[in-house]
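Below is the file data.pdb, which contains PDB, C-alpha atoms and all ligand atoms.
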ATOM      1  CA  MET P  13     -20.231  79.389 284.346
ATOM      2  CA  LEU P  14     -20.962  80.494 287.908
ATOM      3  CA  ALA P  15     -20.864  84.120 286.831
ATOM      4  CA  LYS P  16     -23.347  83.318 284.081
ATOM      5  CA  GLY P  17     -25.715  81.857 286.632
ATOM      6  CA  PHE P  18     -25.324  78.183 285.779
ATOM      7  CA  ARG P  19     -25.981  75.795 288.663
ATOM      8  CA  ARG P  20     -26.029  72.035 289.147
ATOM      9  CA  ASP P  21     -29.031  71.560 286.867
ATOM     10  CA  CYS P  22     -26.997  72.517 283.778
ATOM     11  CA  CYS P  23     -25.369  70.262 281.202
ATOM     12  CA  VAL P  24     -22.119  70.772 279.307
ATOM     13  CA  VAL P  25     -22.067  70.065 275.569
ATOM     14  CA  ALA P  26     -18.633  69.785 273.982
ATOM     15  CA  VAL P  27     -18.693  70.561 270.262
ATOM     16  CA  GLY P  28     -15.257  70.091 268.743
ATOM     17  CA  GLY P  29     -12.171  67.909 268.706
ATOM     18  CA  GLY P  30     -10.246  66.273 271.523
ATOM     19  CA  VAL P  31      -9.008  69.546 272.982
ATOM     20  CA  VAL P  32     -12.585  70.678 273.522
ATOM     21  CA  SER P  33     -13.892  67.346 274.840
ATOM     22  CA  ASP P  34     -10.960  66.938 277.275
ATOM     23  CA  LEU P  35     -11.506  70.416 278.707
ATOM     24  CA  ALA P  36     -15.320  70.325 278.679
ATOM     25  CA  GLY P  37     -15.332  66.910 280.349
ATOM     26  CA  PHE P  38     -12.996  68.177 283.056
ATOM     27  CA  VAL P  39     -15.173  71.228 283.651
ATOM     28  CA  ALA P  40     -18.329  69.091 283.714
ATOM     29  CA  GLY P  41     -16.740  66.623 286.133
ATOM     30  CA  THR P  42     -15.666  69.302 288.601
ATOM     31  CA  PHE P  43     -18.333  72.022 288.255
ATOM     32  CA  GLY P  44     -20.740  71.593 291.168
ATOM     33  CA  ARG P  45     -18.921  68.269 291.823
ATOM     34  CA  GLY P  46     -20.185  66.966 288.510
ATOM     35  CA  VAL P  47     -22.853  67.885 285.994
ATOM     36  CA  PRO P  48     -23.767  65.774 282.942
ATOM     37  CA  PHE P  49     -21.917  66.287 279.688
ATOM     38  CA  VAL P  50     -22.348  65.292 276.077
ATOM     39  CA  ASN P  51     -19.639  65.020 273.443
ATOM     40  CA  TYR P  52     -20.324  66.103 269.881
ATOM     41  CA  ALA P  53     -17.153  65.047 268.088
ATOM     42  CA  THR P  54     -16.118  67.032 265.014
ATOM     43  CA  THR P  55     -12.705  65.489 264.318
ATOM     44  CA  LEU P  56     -11.846  61.916 263.367
ATOM     45  CA  LEU P  57      -9.457  61.742 266.311
ATOM     46  CA  ALA P  58     -12.187  62.730 268.745
ATOM     47  CA  ALA P  59     -14.621  60.322 267.092
ATOM     48  CA  ALA P  60     -12.129  57.479 267.214
ATOM     49  CA  ASP P  61     -10.644  58.118 270.601
ATOM     50  CA  ALA P  62     -10.883  61.308 272.655
ATOM     51  CA  SER P  63     -14.673  61.576 272.951
ATOM     52  CA  ILE P  64     -15.101  58.029 274.270
ATOM     53  CA  GLY P  65     -13.782  56.482 277.450
ATOM     54  CA  GLY P  66     -14.191  59.290 279.959
ATOM     55  CA  LYS P  67     -10.592  60.458 280.285
ATOM     56  CA  THR P  68     -10.662  64.211 280.748
ATOM     57  CA  ALA P  69      -7.809  66.544 281.611
ATOM     58  CA  VAL P  70      -6.231  69.942 281.305
ATOM     59  CA  ASP P  71      -2.598  70.630 280.479
ATOM     60  CA  THR P  72      -0.337  72.779 282.631
ATOM     61  CA  ASP P  73       3.223  73.994 282.105
ATOM     62  CA  LEU P  74       4.456  71.104 284.224
ATOM     63  CA  ALA P  75       2.555  68.206 282.747
ATOM     64  CA  THR P  76       0.151  67.202 279.994
ATOM     65  CA  ASN P  77      -2.943  65.182 280.833
ATOM     66  CA  LEU P  78      -2.041  64.775 284.507
ATOM     67  CA  ILE P  79      -4.624  67.018 286.072
ATOM     68  CA  GLY P  80      -7.874  65.359 285.242
ATOM     69  CA  LEU P  81     -10.455  62.786 286.078
ATOM     70  CA  ILE P  82     -12.312  59.870 284.591
ATOM     71  CA  TYR P  83     -15.810  61.141 283.968
ATOM     72  CA  GLN P  84     -18.079  59.545 281.393
ATOM     73  CA  PRO P  85     -20.154  61.547 278.914
ATOM     74  CA  LYS P  86     -23.877  60.761 278.881
ATOM     75  CA  LYS P  87     -23.829  60.510 275.103
ATOM     76  CA  VAL P  88     -21.351  60.776 272.266
ATOM     77  CA  TYR P  89     -22.371  62.078 268.849
ATOM     78  CA  VAL P  90     -20.127  61.644 265.842
ATOM     79  CA  ASP P  91     -20.896  64.022 262.997
ATOM     80  CA  ILE P  92     -19.166  62.666 259.936
ATOM     81  CA  ASP P  93     -20.295  65.631 257.839
ATOM     82  CA  THR P  94     -17.998  67.886 259.877
ATOM     83  CA  TRP P  95     -14.944  65.896 258.754
ATOM     84  CA  LYS P  96     -15.289  67.460 255.296
ATOM     85  CA  THR P  97     -13.918  70.749 256.596
ATOM     86  CA  LEU P  98     -11.069  69.174 258.548
ATOM     87  CA  PRO P  99      -7.598  70.010 257.241
ATOM     88  CA  LYS P 100      -6.246  66.909 255.442
ATOM     89  CA  ASN P 101      -3.452  66.408 257.987
ATOM     90  CA  HIS P 102      -6.019  66.231 260.796
ATOM     91  CA  LEU P 103      -8.029  63.600 258.958
ATOM     92  CA  VAL P 104      -4.863  61.598 258.403
ATOM     93  CA  ASN P 105      -3.920  62.204 262.059
ATOM     94  CA  GLY P 106      -7.161  60.591 263.221
ATOM     95  CA  MET P 107      -6.458  57.544 261.098
ATOM     96  CA  ALA P 108      -3.501  56.649 263.324
ATOM     97  CA  GLU P 109      -5.751  55.789 266.278
ATOM     98  CA  THR P 110      -8.078  53.941 263.901
ATOM     99  CA  ILE P 111      -5.224  51.779 262.617
ATOM    100  CA  LYS P 112      -4.108  51.252 266.219
ATOM    101  CA  HIS P 113      -7.584  49.969 267.113
ATOM    102  CA  ALA P 114      -7.511  47.659 264.096
ATOM    103  CA  CYS P 115      -4.070  46.337 265.040
ATOM    104  CA  LEU P 116      -5.013  45.572 268.606
ATOM    105  CA  ALA P 117      -8.509  44.156 268.222
ATOM    106  CA  ASP P 118     -10.040  44.169 264.756
ATOM    107  CA  PHE P 119      -8.382  42.481 261.776
ATOM    108  CA  GLU P 120     -11.480  43.035 259.637
ATOM    109  CA  LEU P 121     -11.201  46.777 260.221
ATOM    110  CA  PHE P 122      -7.542  46.595 259.189
ATOM    111  CA  GLU P 123      -8.435  44.903 255.916
ATOM    112  CA  TYR P 124     -11.266  47.383 255.375
ATOM    113  CA  ILE P 125      -8.912  50.350 255.727
ATOM    114  CA  GLU P 126      -6.448  48.726 253.325
ATOM    115  CA  LYS P 127      -9.180  48.432 250.702
ATOM    116  CA  ASN P 128     -11.082  51.657 251.346
ATOM    117  CA  ILE P 129      -8.572  54.287 252.383
ATOM    118  CA  ASP P 130      -9.308  56.521 249.393
ATOM    119  CA  LYS P 131     -13.021  56.522 250.212
ATOM    120  CA  ILE P 132     -12.301  57.310 253.866
ATOM    121  CA  LEU P 133     -10.037  60.227 253.010
ATOM    122  CA  GLN P 134     -12.719  61.567 250.651
ATOM    123  CA  CYS P 135     -15.191  61.421 253.581
ATOM    124  CA  ASP P 136     -17.435  58.892 251.870
ATOM    125  CA  PRO P 137     -20.349  58.596 254.372
ATOM    126  CA  GLU P 138     -20.615  54.808 254.275
ATOM    127  CA  ALA P 139     -16.878  54.264 254.801
ATOM    128  CA  CYS P 140     -16.681  56.876 257.563
ATOM    129  CA  GLU P 141     -19.684  55.430 259.324
ATOM    130  CA  TYR P 142     -18.114  51.991 259.182
ATOM    131  CA  ILE P 143     -14.797  53.059 260.714
ATOM    132  CA  SER P 144     -16.566  55.189 263.349
ATOM    133  CA  GLU P 145     -18.652  52.305 264.524
ATOM    134  CA  ARG P 146     -15.705  49.897 264.636
ATOM    135  CA  ASN P 147     -13.545  52.454 266.470
ATOM    136  CA  CYS P 148     -16.222  53.077 269.100
ATOM    137  CA  ASN P 149     -16.775  49.388 269.513
ATOM    138  CA  VAL P 150     -13.104  48.582 270.169
ATOM    139  CA  LYS P 151     -12.672  51.394 272.670
ATOM    140  CA  TYR P 152     -16.024  50.799 274.365
ATOM    141  CA  GLN P 153     -15.382  47.078 274.865
ATOM    142  CA  VAL P 154     -12.055  47.771 276.548
ATOM    143  CA  VAL P 155     -13.202  50.695 278.708
ATOM    144  CA  MET P 156     -16.307  48.804 279.875
ATOM    145  CA  LYS P 157     -14.060  46.055 281.240
ATOM    146  CA  ASP P 158     -11.426  48.286 282.818
ATOM    147  CA  GLU P 159     -12.493  51.901 283.139
ATOM    148  CA  LYS P 160      -9.769  52.862 285.628
ATOM    149  CA  GLU P 161      -6.874  51.355 283.621
ATOM    150  CA  LYS P 162      -5.914  48.729 286.173
ATOM    151  CA  SER P 163      -4.835  46.325 283.436
ATOM    152  CA  LEU P 164      -6.714  45.750 280.154
ATOM    153  CA  ARG P 165      -7.112  49.447 279.300
ATOM    154  CA  GLU P 166      -3.331  49.564 278.915
ATOM    155  CA  ILE P 167      -3.757  47.899 275.523
ATOM    156  CA  LEU P 168      -5.142  51.180 274.166
ATOM    157  CA  ASN P 169      -1.651  52.456 274.792
ATOM    158  CA  LEU P 170      -0.297  50.363 271.901
ATOM    159  CA  GLY P 171       2.360  52.372 270.048
ATOM    160  CA  HIS P 172       2.154  55.181 272.590
ATOM    161  CA  THR P 173       5.352  54.467 274.556
ATOM    162  CA  VAL P 174       7.501  55.782 271.738
ATOM    163  CA  GLY P 175       4.642  57.848 270.266
ATOM    164  CA  ARG P 176       4.077  60.057 273.279
ATOM    165  CA  ALA P 177       7.817  60.487 273.824
ATOM    166  CA  ILE P 178       8.423  61.573 270.248
ATOM    167  CA  GLU P 179       5.429  63.935 270.352
ATOM    168  CA  THR P 180       7.018  65.719 273.307
ATOM    169  CA  VAL P 181      10.581  65.664 271.987
ATOM    170  CA  SER P 182       9.306  67.121 268.685
ATOM    171  CA  ASP P 183       7.999  69.991 270.805
ATOM    172  CA  TYR P 184       4.550  69.153 269.451
ATOM    173  CA  LYS P 185       5.633  69.817 265.847
ATOM    174  CA  LEU P 186       4.248  66.335 265.239
ATOM    175  CA  LEU P 187       0.512  65.870 265.717
ATOM    176  CA  HIS P 188      -0.442  63.156 268.175
ATOM    177  CA  GLY P 189      -1.457  60.718 265.423
ATOM    178  CA  GLU P 190       1.718  61.358 263.442
ATOM    179  CA  ALA P 191       3.811  60.635 266.530
ATOM    180  CA  LEU P 192       1.715  57.563 267.258
ATOM    181  CA  SER P 193       2.321  56.264 263.743
ATOM    182  CA  ILE P 194       6.086  56.395 264.333
ATOM    183  CA  GLY P 195       5.532  54.743 267.726
ATOM    184  CA  MET P 196       3.584  51.958 266.029
ATOM    185  CA  VAL P 197       6.494  51.347 263.646
ATOM    186  CA  ALA P 198       8.827  50.994 266.649
ATOM    187  CA  GLN P 199       6.327  48.648 268.321
ATOM    188  CA  VAL P 200       5.901  46.330 265.293
ATOM    189  CA  THR P 201       9.630  46.352 264.576
ATOM    190  CA  LEU P 202      10.511  45.301 268.115
ATOM    191  CA  GLY P 203       7.516  42.959 268.265
ATOM    192  CA  CYS P 204       8.680  41.248 265.083
ATOM    193  CA  LYS P 205      12.173  40.810 266.541
ATOM    194  CA  LEU P 206      10.632  39.228 269.612
ATOM    195  CA  GLY P 207       8.503  36.878 267.505
ATOM    196  CA  PHE P 208       5.088  38.440 268.233
ATOM    197  CA  LEU P 209       4.306  39.069 264.567
ATOM    198  CA  THR P 210       5.819  37.989 261.266
ATOM    199  CA  GLU P 211       7.941  40.190 259.005
ATOM    200  CA  GLU P 212       5.063  40.185 256.541
ATOM    201  CA  GLU P 213       2.627  41.432 259.192
ATOM    202  CA  ARG P 214       5.092  44.091 260.338
ATOM    203  CA  ASP P 215       5.540  45.342 256.785
ATOM    204  CA  ARG P 216       1.778  45.322 256.225
ATOM    205  CA  VAL P 217       1.193  47.646 259.199
ATOM    206  CA  ILE P 218       3.952  50.013 258.098
ATOM    207  CA  ALA P 219       2.722  49.974 254.490
ATOM    208  CA  LEU P 220      -0.822  50.868 255.553
ATOM    209  CA  GLN P 221       0.334  53.805 257.646
ATOM    210  CA  LYS P 222       2.420  55.026 254.712
ATOM    211  CA  LYS P 223      -0.519  54.646 252.338
ATOM    212  CA  VAL P 224      -2.685  56.735 254.645
ATOM    213  CA  GLY P 225      -0.031  59.471 254.585
ATOM    214  CA  LEU P 226       1.293  59.008 258.107
ATOM    215  CA  PRO P 227       5.034  59.313 258.841
ATOM    216  CA  VAL P 228       6.864  56.033 259.444
ATOM    217  CA  GLU P 229      10.356  57.331 260.144
ATOM    218  CA  ILE P 230      11.785  59.448 262.928
ATOM    219  CA  PRO P 231      12.399  62.960 261.555
ATOM    220  CA  ASP P 232      16.054  64.022 261.415
ATOM    221  CA  TYR P 233      15.520  66.908 263.829
ATOM    222  CA  ILE P 234      14.643  64.495 266.657
ATOM    223  CA  ASP P 235      17.490  63.937 269.111
ATOM    224  CA  ARG P 236      17.516  60.121 269.500
ATOM    225  CA  GLU P 237      19.179  60.224 272.925
ATOM    226  CA  ALA P 238      16.614  62.701 274.228
ATOM    227  CA  LEU P 239      13.947  60.374 272.860
ATOM    228  CA  VAL P 240      15.333  57.350 274.736
ATOM    229  CA  LYS P 241      15.446  59.408 277.937
ATOM    230  CA  LYS P 242      11.886  60.629 277.431
ATOM    231  CA  LEU P 243      10.602  57.040 277.257
ATOM    232  CA  TYR P 244      11.023  56.862 281.037
ATOM    233  CA  THR P 245       8.254  59.402 281.593
ATOM    234  CA  ASP P 246       5.749  56.882 280.178
ATOM    235  CA  LYS P 247       2.940  55.996 282.585
ATOM    236  CA  LYS P 248       3.573  52.265 282.112
ATOM    237  CA  VAL P 249       7.098  52.462 283.576
ATOM    238  CA  ARG P 250       7.341  50.296 286.699
ATOM    239  CA  ASP P 251      10.308  50.104 289.069
ATOM    240  CA  GLY P 252      12.249  52.236 286.626
ATOM    241  CA  LYS P 253      11.720  49.713 283.797
ATOM    242  CA  LEU P 254      10.192  50.473 280.417
ATOM    243  CA  ARG P 255       7.093  48.466 279.553
ATOM    244  CA  PHE P 256       5.527  48.103 276.108
ATOM    245  CA  VAL P 257       2.208  46.789 274.847
ATOM    246  CA  PHE P 258       2.657  44.609 271.747
ATOM    247  CA  GLN P 259       0.262  43.481 269.079
ATOM    248  CA  LYS P 260       0.000  39.775 268.316
ATOM    249  CA  GLY P 261      -0.092  39.397 264.563
ATOM    250  CA  ILE P 262      -2.696  41.877 263.358
ATOM    251  CA  GLY P 263      -5.931  42.221 265.330
ATOM    252  CA  GLU P 264      -4.886  40.938 268.757
ATOM    253  CA  VAL P 265      -2.577  41.918 271.597
ATOM    254  CA  MET P 266       0.034  39.886 273.414
ATOM    255  CA  THR P 267      -0.623  38.855 277.006
ATOM    256  CA  PHE P 268       2.221  38.185 279.400
ATOM    257  CA  GLY P 269       0.407  36.340 282.213
ATOM    258  CA  GLU P 270      -3.073  36.651 283.624
ATOM    259  CA  ASP P 271      -4.291  40.209 283.074
ATOM    260  CA  VAL P 272      -0.786  41.378 282.123
ATOM    261  CA  TYR P 273      -0.665  43.293 278.853
ATOM    262  CA  ALA P 274       2.675  45.064 278.937
ATOM    263  CA  ARG P 275       6.143  43.526 278.808
ATOM    264  CA  PRO P 276       9.331  44.980 280.251
ATOM    265  CA  VAL P 277      11.721  46.105 277.508
ATOM    266  CA  ALA P 278      15.432  46.626 278.097
ATOM    267  CA  GLU P 279      16.706  50.046 277.085
ATOM    268  CA  GLU P 280      19.219  48.493 274.666
ATOM    269  CA  GLU P 281      16.442  46.609 272.845
ATOM    270  CA  ILE P 282      14.460  49.730 272.012
ATOM    271  CA  ARG P 283      17.503  51.962 271.598
ATOM    272  CA  GLU P 284      18.760  49.809 268.719
ATOM    273  CA  ILE P 285      15.396  50.072 266.962
ATOM    274  CA  LEU P 286      15.163  53.845 267.430
ATOM    275  CA  MET P 287      18.709  54.465 266.228
ATOM    276  CA  ASN P 288      17.890  52.702 262.950
ATOM    277  CA  MET P 289      14.529  54.324 262.270
TER
HETATM  278  N1  LIG P 301      -9.426  61.880 276.420
HETATM  279  C1  LIG P 301      -8.880  60.989 275.645
HETATM  280  O1  LIG P 301      -9.061  59.784 275.817
HETATM  281  C2  LIG P 301      -8.022  61.452 274.512
HETATM  282  C3  LIG P 301      -7.582  60.533 273.562
HETATM  283  C4  LIG P 301      -6.820  61.011 272.498
HETATM  284  C5  LIG P 301      -6.500  62.347 272.398
HETATM  285  N2  LIG P 301      -6.938  63.217 273.357
HETATM  286  C6  LIG P 301      -6.636  64.641 273.259
HETATM  287  O2  LIG P 301      -7.271  65.134 272.091
HETATM  288  C7  LIG P 301      -6.535  66.241 271.581
HETATM  289  C8  LIG P 301      -6.386  66.081 270.086
HETATM  290  O3  LIG P 301      -7.671  66.022 269.501
HETATM  291  P1  LIG P 301      -7.952  66.534 268.017
HETATM  292  O4  LIG P 301      -7.005  65.915 267.089
HETATM  293  O5  LIG P 301      -9.398  66.390 267.773
HETATM  294  O6  LIG P 301      -7.466  68.054 268.085
HETATM  295  P2  LIG P 301      -8.192  69.433 268.223
HETATM  296  O7  LIG P 301      -9.342  69.400 269.133
HETATM  297  O8  LIG P 301      -7.102  70.404 268.510
HETATM  298  O9  LIG P 301      -8.735  69.689 266.744
HETATM  299  C9  LIG P 301      -7.818  69.822 265.689
HETATM  300  C10 LIG P 301      -7.985  71.135 264.923
HETATM  301  O10 LIG P 301      -9.128  71.026 264.090
HETATM  302  C11 LIG P 301     -10.032  72.107 264.324
HETATM  303  N3  LIG P 301     -11.354  71.520 264.075
HETATM  304  C12 LIG P 301     -12.104  70.754 264.887
HETATM  305  N4  LIG P 301     -13.174  70.282 264.232
HETATM  306  C13 LIG P 301     -13.108  70.778 262.961
HETATM  307  C14 LIG P 301     -13.907  70.625 261.801
HETATM  308  N5  LIG P 301     -14.988  69.841 261.801
HETATM  309  N6  LIG P 301     -13.537  71.270 260.673
HETATM  310  C15 LIG P 301     -12.416  72.036 260.654
HETATM  311  N7  LIG P 301     -11.594  72.203 261.708
HETATM  312  C16 LIG P 301     -11.939  71.568 262.851
HETATM  313  C17 LIG P 301      -9.736  72.551 265.723
HETATM  314  O11 LIG P 301     -10.090  73.900 265.913
HETATM  315  C18 LIG P 301      -8.218  72.357 265.789
HETATM  316  O12 LIG P 301      -7.539  73.428 265.198
HETATM  317  C19 LIG P 301      -5.218  66.279 272.334
HETATM  318  O13 LIG P 301      -5.252  67.324 273.278
HETATM  319  C20 LIG P 301      -5.172  64.942 273.065
HETATM  320  O14 LIG P 301      -4.490  65.009 274.293
HETATM  321  C21 LIG P 301      -7.690  62.794 274.397
HETATM  322 ZN    ZN P 302      -3.482  58.380 271.392
END

Entire entry expressed as C-alpha cells:
Amino acid sequence: MLAKGFRRDCCVVAVGGGVVSDLAGFVAGTFGRGVPFVNYATTLLAAADASIGGKTAVDTDLATNLIGLIYQPKKVYVDIDTWKTLPKNHLVNGMAETIKHACLADFELFEYIEKNIDKILQCDPEACEYISERNCNVKYQVVMKDEKEKSLREILNLGHTVGRAIETVSDYKLLHGEALSIGMVAQVTLGCKLGFLTEEERDRVIALQKKVGLPVEIPDYIDREALVKKLYTDKKVRDGKLRFVFQKGIGEVMTFGEDVYARPVAEEEIREILMNM
C-alpha cells in the first residue's frame, strides 16, 4: 500500500469471506496506525460472524489468530446475492455459527431455522435476510457490552472448546463450522449430563445440525487422545483447567456467578463424552 502511494487518508474495503476480512482489518488497523475499513461480506460465515465484532488477525506457522487486534469496521455490508455462488459446503458451514447464535441467545431464530432450512439453503432472499439480521443482532449486542472479551464475549465461544481443537487436530480437513458443529454436540451432551438442558433439547440441537447437513460425530481419523490434549490450548483455560461455556435450554447461556460465563470441566468429564462420539 505504501509503494502504491496510499497514505493515512485511505480506506480499506474488504470484499470476501472471513479470511479477507480478518486480514484486511488487521492491515487497516496497523497501516499508518489505523485507517478506516469497511467489510463487504460475501460468505454466510462472514455475514454471521467474522465481519462483525472487530476481531482481526493473521495466522503464522506458530499460531492461528494470535497476532491481531480488535479494530472495528466503520460499516458492514452483507450481500445475500453473493451466497448463490458459494459452494454448498460453505453455506452449510456458515449455518453452524447461526445455530450457535440461536442456541445462546435467540430461541425464535432456532425455531425459524427448523422451519425454514430448505429456503435458507436455496438462498431465498427473505429467509437469508432474516437470519442475517438476527445473527448481527446477537453478535452486536454481546460485543457492544464486552468488546475486549473480559467476560460476556466468552459466550460467543459456545461449542468452540472442542470445535477449535478438532479443527486443528483434523489438520483443517474440517471447515470451521463443521468442527464447531461437532463441538456443539459435545457441549449439549455434557450440558445435558450436568442438567443445563433436557434430553429433548439436546436432541433437538443435534437434529437441527444434522438436518442442515453439518457433521455431528467425530470422524474416525481423529485421534481422540490428541483431541483431549489439544483442548488445553483453548483460550478459556485458566490455571491449567478446562473451561466451557454452556447453553441453558435453547436460547440462553448458563451463568456461574456474577459475570461468569464459563465453568471448569474436569478432563474425565469431557473425555468420556469424546470417546463415545
Ligand atoms: N474475526 C472473527 O471474529 C472471525 C469469526 C469467525 C471466523 N473467522 C475467520 O474467518 C475465516 C473463515 O471465513 P469464511 O468461511 O468466510 O472463509 P473464506 O474467506 O476462506 O471463504 C470461503 C471460500 O469461499 C470463497 N468465496 C468467498 N465468497 C464467495 C462467494 N460469494 N461465492 C463463491 N465463493 C466465495 C473464498 O474464496 C474461499 O475459497 C477463518 O479464517 C476464521 O478464522 C473470523
Ligand atoms: Zn467460530

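Selecting all polymer residues at most 7 Å from ligand ZN 302 (chain P), using all atoms listed in the file, gives Glu109, His172, His188, Gly189 and Leu192 of chain P.
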
Could you make a table, as CSV, of the residues of chain P that have an atom within 9 Å of an atom of ligand LIG 301 (chain P), each with its nearest atom pair and distance in Å to one decimal, counting all atoms listed in the file, in chain and number order?
residue,atom,partner,partner_atom,distance
P:Val27,CA,P:LIG301,N4,8.2
P:Gly28,CA,P:LIG301,N4,5.0
P:Gly29,CA,P:LIG301,O7,3.2
P:Gly30,CA,P:LIG301,O2,3.2
P:Val31,CA,P:LIG301,O7,3.9
P:Val32,CA,P:LIG301,O7,5.6
P:Ser33,CA,P:LIG301,N1,7.2
P:Asp34,CA,P:LIG301,N1,5.4
P:Leu35,CA,P:LIG301,O13,8.8
P:Gly37,CA,P:LIG301,N1,8.7
P:Ala53,CA,P:LIG301,N4,7.6
P:Thr54,CA,P:LIG301,N5,4.4
P:Thr55,CA,P:LIG301,N4,4.8
P:Leu56,CA,P:LIG301,O5,6.7
P:Leu57,CA,P:LIG301,O5,4.9
P:Ala58,CA,P:LIG301,O5,4.7
P:Ala59,CA,P:LIG301,O5,8.0
P:Ala60,CA,P:LIG301,C4,8.3
P:Asp61,CA,P:LIG301,C3,4.9
P:Ala62,CA,P:LIG301,C2,3.4
P:Ser63,CA,P:LIG301,N1,6.3
P:Ile64,CA,P:LIG301,O1,6.5
P:Gly65,CA,P:LIG301,O1,6.0
P:Gly66,CA,P:LIG301,N1,6.5
P:Lys67,CA,P:LIG301,N1,4.3
P:Thr68,CA,P:LIG301,N1,5.1
P:Ala69,CA,P:LIG301,N1,7.2
P:Val70,CA,P:LIG301,O13,8.5
P:Asp71,CA,P:LIG301,O13,8.4
P:Thr76,CA,P:LIG301,O14,7.7
P:Asn77,CA,P:LIG301,O14,6.7
P:Ile82,CA,P:LIG301,N1,8.9
P:Asp91,CA,P:LIG301,N5,8.4
P:Ile92,CA,P:LIG301,N5,8.5
P:Asp93,CA,P:LIG301,N5,7.8
P:Thr94,CA,P:LIG301,N5,4.1
P:Trp95,CA,P:LIG301,N5,5.0
P:Lys96,CA,P:LIG301,N6,6.8
P:Thr97,CA,P:LIG301,N6,4.1
P:Leu98,CA,P:LIG301,C15,3.8
P:Pro99,CA,P:LIG301,C15,6.2
P:His102,CA,P:LIG301,C9,6.3
P:Leu103,CA,P:LIG301,O4,8.5
P:Asn105,CA,P:LIG301,O4,7.0
P:Gly106,CA,P:LIG301,O4,6.6
P:Glu109,CA,P:LIG301,C4,8.2
P:Leu187,CA,P:LIG301,O4,7.6
P:His188,CA,P:LIG301,C8,6.9
P:Gly189,CA,P:LIG301,O4,7.8

Open item on the list: Going by the chain IDs and residue numbers used in this file, which residues fall under the PyMOL selection byres (((chain P and resi 165) around 12) and not hetatm)? Write them as a PyMOL selection string.
Closed with: chain P and resi 65+67+116+150-164+166-170+248+257+265+271-274

- [ ] Name the residues captured by the PyMOL selection byres (((chain P and resi 276-288) around 12) and not hetatm) when it is applied to the shown file; answer as a ChimeraX atom specification.
- [x] /P:173-175,177-178,194-206,228-232,234-244,248-258,268,272-275,289

Put those residues in a file: C-alpha atoms, as a PDB file, keeping the file's coordinate frame.
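Everything below was put into out.pdb:
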ATOM      1  CA  THR P 173       5.352  54.467 274.556  1.00  0.00           C
ATOM      2  CA  VAL P 174       7.501  55.782 271.738  1.00  0.00           C
ATOM      3  CA  GLY P 175       4.642  57.848 270.266  1.00  0.00           C
ATOM      4  CA  ALA P 177       7.817  60.487 273.824  1.00  0.00           C
ATOM      5  CA  ILE P 178       8.423  61.573 270.248  1.00  0.00           C
ATOM      6  CA  ILE P 194       6.086  56.395 264.333  1.00  0.00           C
ATOM      7  CA  GLY P 195       5.532  54.743 267.726  1.00  0.00           C
ATOM      8  CA  MET P 196       3.584  51.958 266.029  1.00  0.00           C
ATOM      9  CA  VAL P 197       6.494  51.347 263.646  1.00  0.00           C
ATOM     10  CA  ALA P 198       8.827  50.994 266.649  1.00  0.00           C
ATOM     11  CA  GLN P 199       6.327  48.648 268.321  1.00  0.00           C
ATOM     12  CA  VAL P 200       5.901  46.330 265.293  1.00  0.00           C
ATOM     13  CA  THR P 201       9.630  46.352 264.576  1.00  0.00           C
ATOM     14  CA  LEU P 202      10.511  45.301 268.115  1.00  0.00           C
ATOM     15  CA  GLY P 203       7.516  42.959 268.265  1.00  0.00           C
ATOM     16  CA  CYS P 204       8.680  41.248 265.083  1.00  0.00           C
ATOM     17  CA  LYS P 205      12.173  40.810 266.541  1.00  0.00           C
ATOM     18  CA  LEU P 206      10.632  39.228 269.612  1.00  0.00           C
ATOM     19  CA  VAL P 228       6.864  56.033 259.444  1.00  0.00           C
ATOM     20  CA  GLU P 229      10.356  57.331 260.144  1.00  0.00           C
ATOM     21  CA  ILE P 230      11.785  59.448 262.928  1.00  0.00           C
ATOM     22  CA  PRO P 231      12.399  62.960 261.555  1.00  0.00           C
ATOM     23  CA  ASP P 232      16.054  64.022 261.415  1.00  0.00           C
ATOM     24  CA  ILE P 234      14.643  64.495 266.657  1.00  0.00           C
ATOM     25  CA  ASP P 235      17.490  63.937 269.111  1.00  0.00           C
ATOM     26  CA  ARG P 236      17.516  60.121 269.500  1.00  0.00           C
ATOM     27  CA  GLU P 237      19.179  60.224 272.925  1.00  0.00           C
ATOM     28  CA  ALA P 238      16.614  62.701 274.228  1.00  0.00           C
ATOM     29  CA  LEU P 239      13.947  60.374 272.860  1.00  0.00           C
ATOM     30  CA  VAL P 240      15.333  57.350 274.736  1.00  0.00           C
ATOM     31  CA  LYS P 241      15.446  59.408 277.937  1.00  0.00           C
ATOM     32  CA  LYS P 242      11.886  60.629 277.431  1.00  0.00           C
ATOM     33  CA  LEU P 243      10.602  57.040 277.257  1.00  0.00           C
ATOM     34  CA  TYR P 244      11.023  56.862 281.037  1.00  0.00           C
ATOM     35  CA  LYS P 248       3.573  52.265 282.112  1.00  0.00           C
ATOM     36  CA  VAL P 249       7.098  52.462 283.576  1.00  0.00           C
ATOM     37  CA  ARG P 250       7.341  50.296 286.699  1.00  0.00           C
ATOM     38  CA  ASP P 251      10.308  50.104 289.069  1.00  0.00           C
ATOM     39  CA  GLY P 252      12.249  52.236 286.626  1.00  0.00           C
ATOM     40  CA  LYS P 253      11.720  49.713 283.797  1.00  0.00           C
ATOM     41  CA  LEU P 254      10.192  50.473 280.417  1.00  0.00           C
ATOM     42  CA  ARG P 255       7.093  48.466 279.553  1.00  0.00           C
ATOM     43  CA  PHE P 256       5.527  48.103 276.108  1.00  0.00           C
ATOM     44  CA  VAL P 257       2.208  46.789 274.847  1.00  0.00           C
ATOM     45  CA  PHE P 258       2.657  44.609 271.747  1.00  0.00           C
ATOM     46  CA  PHE P 268       2.221  38.185 279.400  1.00  0.00           C
ATOM     47  CA  VAL P 272      -0.786  41.378 282.123  1.00  0.00           C
ATOM     48  CA  TYR P 273      -0.665  43.293 278.853  1.00  0.00           C
ATOM     49  CA  ALA P 274       2.675  45.064 278.937  1.00  0.00           C
ATOM     50  CA  ARG P 275       6.143  43.526 278.808  1.00  0.00           C
ATOM     51  CA  MET P 289      14.529  54.324 262.270  1.00  0.00           C
TER      52      MET P 289
END

For Asp118 in chain P, please output as an mmCIF file with C-alpha atoms, keeping the file's coordinate frame all residues within 9 Å (counting all atoms listed in the file; exclusion window: fewer than 6 positions along the same chain).
data_model
loop_
_atom_site.group_PDB
_atom_site.id
_atom_site.type_symbol
_atom_site.label_atom_id
_atom_site.label_comp_id
_atom_site.auth_asym_id
_atom_site.auth_seq_id
_atom_site.Cartn_x
_atom_site.Cartn_y
_atom_site.Cartn_z
ATOM 1 C CA ARG P 146 -15.705 49.897 264.636
ATOM 2 C CA VAL P 150 -13.104 48.582 270.169
ATOM 3 C CA ILE P 262 -2.696 41.877 263.358
ATOM 4 C CA GLY P 263 -5.931 42.221 265.330
ATOM 5 C CA GLU P 264 -4.886 40.938 268.757
#
